[in-house]
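File shown: protein-v5.cif. Contents: mmCIF, C-alpha atoms.
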```cif
data_run
#
loop_
_atom_site.group_PDB
_atom_site.id
_atom_site.type_symbol
_atom_site.label_atom_id
_atom_site.label_comp_id
_atom_site.auth_asym_id
_atom_site.auth_seq_id
_atom_site.Cartn_x
_atom_site.Cartn_y
_atom_site.Cartn_z
ATOM 1 C CA MET A 1 7.765 -25.000 9.211
ATOM 2 C CA GLN A 2 8.602 -22.374 6.583
ATOM 3 C CA LYS A 3 5.992 -19.701 6.104
ATOM 4 C CA GLN A 4 4.241 -19.756 2.729
ATOM 5 C CA ALA A 5 5.430 -17.186 0.198
ATOM 6 C CA LYS A 6 3.191 -14.150 -0.117
ATOM 7 C CA ILE A 7 2.772 -11.385 -2.698
ATOM 8 C CA ILE A 8 1.889 -7.863 -1.569
ATOM 9 C CA LEU A 9 0.498 -5.184 -3.878
ATOM 10 C CA GLY A 10 1.210 -1.629 -2.756
ATOM 11 C CA ILE A 11 -0.556 1.395 -4.219
ATOM 12 C CA ASP A 12 0.326 5.096 -4.082
ATOM 13 C CA PRO A 13 -2.997 6.638 -5.159
ATOM 14 C CA GLY A 14 -3.175 9.719 -7.326
ATOM 15 C CA THR A 15 -5.491 11.477 -9.750
ATOM 16 C CA VAL A 16 -2.744 12.202 -12.301
ATOM 17 C CA ILE A 17 -0.212 9.457 -11.535
ATOM 18 C CA MET A 18 -0.911 6.255 -9.589
ATOM 19 C CA GLY A 19 2.098 4.259 -8.477
ATOM 20 C CA TYR A 20 2.117 0.514 -7.905
ATOM 21 C CA GLY A 21 4.659 -1.926 -6.543
ATOM 22 C CA LEU A 22 4.643 -5.666 -5.861
ATOM 23 C CA VAL A 23 6.946 -7.594 -3.561
ATOM 24 C CA LEU A 24 7.378 -11.294 -2.895
ATOM 25 C CA CYS A 25 7.845 -12.317 0.738
ATOM 26 C CA SER A 26 9.364 -15.756 1.209
ATOM 27 C CA GLY A 27 10.251 -16.319 4.846
ATOM 28 C CA SER A 28 12.602 -13.485 5.791
ATOM 29 C CA GLU A 29 13.528 -12.886 2.139
ATOM 30 C CA LEU A 30 11.959 -9.949 0.335
ATOM 31 C CA SER A 31 12.229 -9.239 -3.388
ATOM 32 C CA MET A 32 10.600 -6.939 -5.918
ATOM 33 C CA ILE A 33 8.310 -8.428 -8.551
ATOM 34 C CA ALA A 34 7.353 -5.252 -10.396
ATOM 35 C CA MET A 35 6.780 -1.546 -10.015
ATOM 36 C CA GLY A 36 5.469 1.183 -12.265
ATOM 37 C CA VAL A 37 2.960 3.971 -12.718
ATOM 38 C CA LEU A 38 -0.370 4.589 -14.358
ATOM 39 C CA LYS A 39 -0.328 8.033 -15.943
ATOM 40 C CA LEU A 40 -3.733 9.625 -16.250
ATOM 41 C CA SER A 41 -4.184 12.307 -18.888
ATOM 42 C CA ALA A 42 -5.399 15.675 -17.659
ATOM 43 C CA ARG A 43 -7.610 15.712 -20.750
ATOM 44 C CA ASN A 44 -9.725 12.907 -19.311
ATOM 45 C CA ASP A 45 -12.560 13.904 -17.030
ATOM 46 C CA ALA A 46 -12.539 12.861 -13.372
ATOM 47 C CA TYR A 47 -14.825 9.872 -13.885
ATOM 48 C CA GLU A 48 -12.786 8.485 -16.770
ATOM 49 C CA ARG A 49 -9.678 8.639 -14.571
ATOM 50 C CA LEU A 50 -11.467 6.665 -11.867
ATOM 51 C CA ARG A 51 -12.454 4.061 -14.445
ATOM 52 C CA LEU A 52 -8.835 3.737 -15.565
ATOM 53 C CA ILE A 53 -7.662 3.362 -11.958
ATOM 54 C CA HIS A 54 -10.189 0.576 -11.432
ATOM 55 C CA LYS A 55 -9.103 -1.102 -14.660
ATOM 56 C CA LYS A 56 -5.381 -0.956 -13.794
ATOM 57 C CA VAL A 57 -5.774 -2.259 -10.243
ATOM 58 C CA LYS A 58 -7.998 -5.069 -11.510
ATOM 59 C CA GLU A 59 -5.381 -5.954 -14.148
ATOM 60 C CA LEU A 60 -2.582 -6.014 -11.562
ATOM 61 C CA ILE A 61 -4.593 -8.306 -9.307
ATOM 62 C CA GLY A 62 -5.455 -10.584 -12.214
ATOM 63 C CA GLU A 63 -1.845 -10.780 -13.417
ATOM 64 C CA TYR A 64 0.050 -11.160 -10.138
ATOM 65 C CA HIS A 65 -2.584 -12.647 -7.789
ATOM 66 C CA PRO A 66 -1.449 -10.790 -4.646
ATOM 67 C CA HIS A 67 -2.371 -12.106 -1.207
ATOM 68 C CA ASP A 68 -2.462 -8.669 0.475
ATOM 69 C CA PHE A 69 -3.314 -5.154 -0.681
ATOM 70 C CA ALA A 70 -1.764 -2.095 0.985
ATOM 71 C CA ILE A 71 -2.389 1.540 0.119
ATOM 72 C CA GLU A 72 -1.116 4.911 1.254
ATOM 73 C CA ALA A 73 -3.727 6.939 3.124
ATOM 74 C CA PRO A 74 -4.399 10.434 1.751
ATOM 75 C CA PHE A 75 -2.266 13.233 3.119
ATOM 76 C CA PHE A 76 -4.524 15.834 4.679
ATOM 77 C CA GLY A 77 -3.708 19.150 3.020
ATOM 78 C CA LYS A 78 -5.383 22.519 2.821
ATOM 79 C CA ASN A 79 -6.836 22.106 -0.672
ATOM 80 C CA VAL A 80 -10.239 20.519 -0.135
ATOM 81 C CA GLN A 81 -10.858 19.827 -3.836
ATOM 82 C CA SER A 82 -7.544 18.010 -4.190
ATOM 83 C CA MET A 83 -8.313 15.957 -1.106
ATOM 84 C CA LEU A 84 -11.724 15.020 -2.471
ATOM 85 C CA LYS A 85 -10.243 13.872 -5.789
ATOM 86 C CA LEU A 86 -7.483 11.895 -4.085
ATOM 87 C CA GLY A 87 -9.989 10.291 -1.716
ATOM 88 C CA ARG A 88 -12.076 9.149 -4.669
ATOM 89 C CA ALA A 89 -9.018 7.654 -6.374
ATOM 90 C CA GLN A 90 -8.075 5.809 -3.209
ATOM 91 C CA GLY A 91 -11.651 4.610 -2.712
ATOM 92 C CA VAL A 92 -11.830 3.147 -6.217
ATOM 93 C CA ALA A 93 -8.556 1.255 -5.711
ATOM 94 C CA ILE A 94 -9.744 -0.087 -2.343
ATOM 95 C CA ALA A 95 -13.147 -1.119 -3.702
ATOM 96 C CA THR A 96 -11.476 -2.946 -6.602
ATOM 97 C CA ALA A 97 -9.223 -4.879 -4.230
ATOM 98 C CA MET A 98 -12.070 -5.747 -1.886
ATOM 99 C CA ASN A 99 -14.225 -6.894 -4.787
ATOM 100 C CA ALA A 100 -11.390 -9.286 -5.673
ATOM 101 C CA GLY A 101 -11.529 -10.725 -2.157
ATOM 102 C CA LEU A 102 -8.386 -9.048 -0.810
ATOM 103 C CA SER A 103 -8.058 -7.589 2.664
ATOM 104 C CA VAL A 104 -6.961 -3.951 2.618
ATOM 105 C CA THR A 105 -4.611 -2.080 4.932
ATOM 106 C CA GLU A 106 -4.003 1.666 4.879
ATOM 107 C CA TYR A 107 -0.788 3.307 6.052
ATOM 108 C CA SER A 108 -0.068 6.957 6.653
ATOM 109 C CA PRO A 109 2.848 8.492 4.699
ATOM 110 C CA ARG A 110 4.767 8.930 7.943
ATOM 111 C CA LYS A 111 4.219 5.292 8.956
ATOM 112 C CA ILE A 112 5.520 4.101 5.591
ATOM 113 C CA LYS A 113 8.689 6.184 5.827
ATOM 114 C CA GLN A 114 9.218 5.139 9.434
ATOM 115 C CA SER A 115 8.914 1.452 8.539
ATOM 116 C CA VAL A 116 11.280 1.628 5.573
ATOM 117 C CA THR A 117 13.952 4.079 6.735
ATOM 118 C CA GLY A 118 13.412 4.420 10.481
ATOM 119 C CA ASN A 119 12.636 8.117 10.006
ATOM 120 C CA GLY A 120 9.081 9.333 9.444
ATOM 121 C CA ASN A 121 10.376 12.548 7.862
ATOM 122 C CA SER A 122 12.555 10.907 5.206
ATOM 123 C CA GLY A 123 12.541 12.309 1.683
ATOM 124 C CA LYS A 124 11.670 10.302 -1.418
ATOM 125 C CA GLU A 125 15.355 9.878 -2.301
ATOM 126 C CA GLN A 126 16.134 8.412 1.120
ATOM 127 C CA VAL A 127 13.205 6.014 0.859
ATOM 128 C CA TRP A 128 14.376 4.830 -2.552
ATOM 129 C CA LYS A 129 17.969 4.328 -1.379
ATOM 130 C CA MET A 130 16.741 2.171 1.486
ATOM 131 C CA LEU A 131 14.478 0.187 -0.856
ATOM 132 C CA GLN A 132 17.509 -0.480 -3.058
ATOM 133 C CA THR A 133 19.293 -1.925 -0.030
ATOM 134 C CA ILE A 134 16.347 -3.960 1.248
ATOM 135 C CA LEU A 135 15.371 -5.381 -2.142
ATOM 136 C CA HIS A 136 18.892 -5.532 -3.646
ATOM 137 C CA LEU A 137 18.004 -3.226 -6.528
ATOM 138 C CA GLY A 138 20.672 -1.734 -8.764
ATOM 139 C CA GLU A 139 18.444 0.196 -11.121
ATOM 140 C CA GLU A 140 17.815 3.918 -10.977
ATOM 141 C CA ILE A 141 14.361 5.212 -10.198
ATOM 142 C CA LYS A 142 12.399 6.933 -12.972
ATOM 143 C CA GLU A 143 9.166 7.667 -11.131
ATOM 144 C CA TYR A 144 9.046 8.294 -7.384
ATOM 145 C CA ASP A 145 5.349 7.453 -7.445
ATOM 146 C CA ALA A 146 6.407 3.890 -8.291
ATOM 147 C CA SER A 147 9.003 3.719 -5.511
ATOM 148 C CA ASP A 148 6.490 5.207 -3.064
ATOM 149 C CA ALA A 149 4.079 2.377 -3.917
ATOM 150 C CA LEU A 150 6.878 -0.153 -3.489
ATOM 151 C CA ALA A 151 7.555 1.366 -0.066
ATOM 152 C CA VAL A 152 3.888 0.809 0.858
ATOM 153 C CA ALA A 153 4.245 -2.906 0.069
ATOM 154 C CA VAL A 154 7.528 -3.180 2.020
ATOM 155 C CA CYS A 155 5.970 -1.322 4.954
ATOM 156 C CA HIS A 156 3.095 -3.810 4.995
ATOM 157 C CA HIS A 157 5.554 -6.697 5.047
ATOM 158 C CA PHE A 158 7.375 -5.267 8.058
ATOM 159 C CA GLN A 159 4.158 -4.456 9.908
ATOM 160 C CA ASP A 160 2.688 -7.869 9.124
ATOM 161 C CA ARG A 161 5.794 -9.565 10.524
ATOM 162 C CA SER A 162 5.648 -7.428 13.665
ATOM 163 C CA ALA A 163 1.964 -8.186 14.180
ATOM 164 C CA SER A 164 2.601 -11.911 13.706
ATOM 165 C CA LYS A 165 5.445 -11.830 16.217
ATOM 166 C CA ILE A 166 3.307 -10.056 18.797
ATOM 167 C CA HIS A 167 0.504 -12.580 18.265
ATOM 168 C CA THR A 168 2.914 -15.499 18.638
ATOM 169 C CA GLU A 169 4.639 -14.184 21.746
ATOM 170 C CA GLY A 170 1.410 -13.250 23.504
ATOM 171 C CA PRO A 171 -0.134 -10.046 24.824
ATOM 172 C CA SER A 172 2.575 -9.389 27.432
ATOM 173 C CA ARG A 173 4.668 -7.635 24.783
ATOM 174 C CA PRO A 174 3.531 -4.070 23.990
ATOM 175 C CA ALA A 175 1.991 -3.763 20.565
ATOM 176 C CA GLY A 176 3.763 -0.470 19.898
ATOM 177 C CA GLY A 177 1.195 0.514 17.318
ATOM 178 C CA THR A 178 1.906 -2.462 15.090
ATOM 179 C CA ALA A 179 -1.249 -4.440 15.845
ATOM 180 C CA ARG A 180 -3.981 -4.070 13.282
ATOM 181 C CA LYS A 181 -7.042 -2.024 13.944
ATOM 182 C CA LYS A 182 -10.199 -1.760 11.920
ATOM 183 C CA SER A 183 -11.119 1.406 10.080
ATOM 184 C CA ASN A 184 -14.414 2.980 11.071
ATOM 185 C CA ASP A 185 -14.672 5.147 7.960
ATOM 186 C CA TRP A 186 -16.554 2.801 5.660
ATOM 187 C CA GLY A 187 -19.900 2.618 7.400
ATOM 188 C CA SER A 188 -22.294 -0.219 6.976
ATOM 189 C CA PHE A 189 -20.211 -1.940 4.298
ATOM 190 C CA ILE A 190 -17.390 -2.591 6.713
ATOM 191 C CA GLN A 191 -19.835 -3.689 9.403
ATOM 192 C CA GLN A 192 -20.958 -6.367 6.979
ATOM 193 C CA ASN A 193 -17.342 -7.216 6.054
ATOM 194 C CA PRO A 194 -15.362 -7.145 9.316
ATOM 195 C CA GLY A 195 -11.605 -7.400 9.069
ATOM 196 C CA LYS A 196 -11.432 -6.446 5.419
ATOM 197 C CA VAL A 197 -10.090 -2.887 5.753
ATOM 198 C CA ARG A 198 -7.525 -1.955 8.339
ATOM 199 C CA SER A 199 -5.674 1.298 8.964
ATOM 200 C CA ARG A 200 -2.353 1.934 10.641
#
```

This structure in structure tokens:
Amino acid sequence: MQKQAKIILGIDPGTVIMGYGLVLCSGSELSMIAMGVLKLSARNDAYERLRLIHKKVKELIGEYHPHDFAIEAPFFGKNVQSMLKLGRAQGVAIATAMNAGLSVTEYSPRKIKQSVTGNGNSGKEQVWKMLQTILHLGEEIKEYDASDALAVAVCHHFQDRSASKIHTEGPSRPAGGTARKKSNDWGSFIQQNPGKVRSR
């Protein structure tokens, strides 16, 4: 029996530019539906930017009706203020998806690159070139934030397939880090909503 087609929404969170990408998975076939960016004006205050992120994610969900939501986990840098702002942006996107009834999976930047190119240290250009091959894209990239979001969606597809294969073949095969695990960072909300947010 052929597996039902599925749409995945990938998000590359940001406080100035948020990337998004959507892919359609139909059996072993993978194709791009859309990708783009939400540019947030530096003239807007932090709370207005969060509102616009919520609005855009909600619009994407309403327009494309994705089955899964995947997002890049924040990269832990030295600038605490930047990390705080990025964490808020990611949190708003996640909350919007969960409010729409979608399960959420987080992926580290290294995991995304590893899944798409086979190398966790790949540059943005390498990731895009591989996405062009995987999705049969001829166009040139204008915003790497958009291609990064597309990579998140493709990564989720590959990880979802691996997890399904492991589940089908039984526990004798090593999971190799592909099995899903629940995030413990969302406190009581996640305890009341088990299985909604997962991190890899």

Sorted per-residue table, region 42-74 of chain A near region 133-151 of chain A, closest atoms and distance, 10 Å, all atoms listed in the file, as a tab-separated table:
```
residue	atom	partner	partner_atom	distance
A:Ala70	CA	A:Ala149	CA	8.8
A:Ile71	CA	A:Ala149	CA	7.7
A:Glu72	CA	A:Ala149	CA	7.8
```

For the residues selected in the previous step, produce a file with C-alpha atoms as a PDB file, in the frame of the given file.
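As written to disk, out_32.pdb reads:
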```
ATOM      1  CA  ALA A  70      -1.764  -2.095   0.985  1.00  0.00           C
ATOM      2  CA  ILE A  71      -2.389   1.540   0.119  1.00  0.00           C
ATOM      3  CA  GLU A  72      -1.116   4.911   1.254  1.00  0.00           C
TER       4      GLU A  72
END
```

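Between CA of Ser108 (chain A) and CA of Val57 (chain A) there is a distance of 20.1 Å.
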
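When CA of Ala73 (chain A) is paired with CA of Gln132 (chain A), their separation reads 23.3 Å.
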
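Between CA of Tyr107 (chain A) and CA of Val152 (chain A) the interatomic distance comes to 7.4 Å.
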
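When the PyMOL selection byres ((chain A and resi 46) around 12) is evaluated against the file, it yields Gly14, Thr15, Val16, Leu40, Ser41, Ala42, Arg43, Asn44, Asp45, Tyr47, Glu48, Arg49, Leu50, Arg51, Leu52, Ile53, Gln81, Ser82, Leu84, Lys85, Leu86, Arg88 and Ala89 of chain A.
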
Problem - For Val104 (chain A), the nearest of the candidates A:Ala5, A:Cys25, A:Ile11, A:Met32, counting all atoms listed in the file - result: A:Ile11

Exercise for the section: For each of A:Pro66, A:Gly101, A:Pro109, A:Gly120, take the minimum atom-to-atom distance to Pro13 (chain A), counting all atoms listed in the file, then give the residue where this is smallest. Expected result: A:Pro109

Handout entry: Nearest to Gly91 (chain A), chosen from A:Ala153, A:His54, A:His67, A:Phe75, with all atoms listed in the file counted in the distances
Key = A:His54

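Residue nearest Thr96 (chain A), chosen from A:Leu30, A:Leu22, A:Val37, A:Ile61 and counting only C-alpha atoms: A:Ile61.
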
Practice task
Using all atoms listed in the file, find the one residue out of A:Met130, A:Leu38, A:Leu102, A:Ile17 that sits nearest to Gln114 (chain A).
Solution key: A:Met130

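The shortest atom-to-atom distance to Ser103 (chain A), with only C-alpha atoms taken into account, belongs to A:Asp68 out of A:Ala34, A:His156, A:Met83, A:Asp68.
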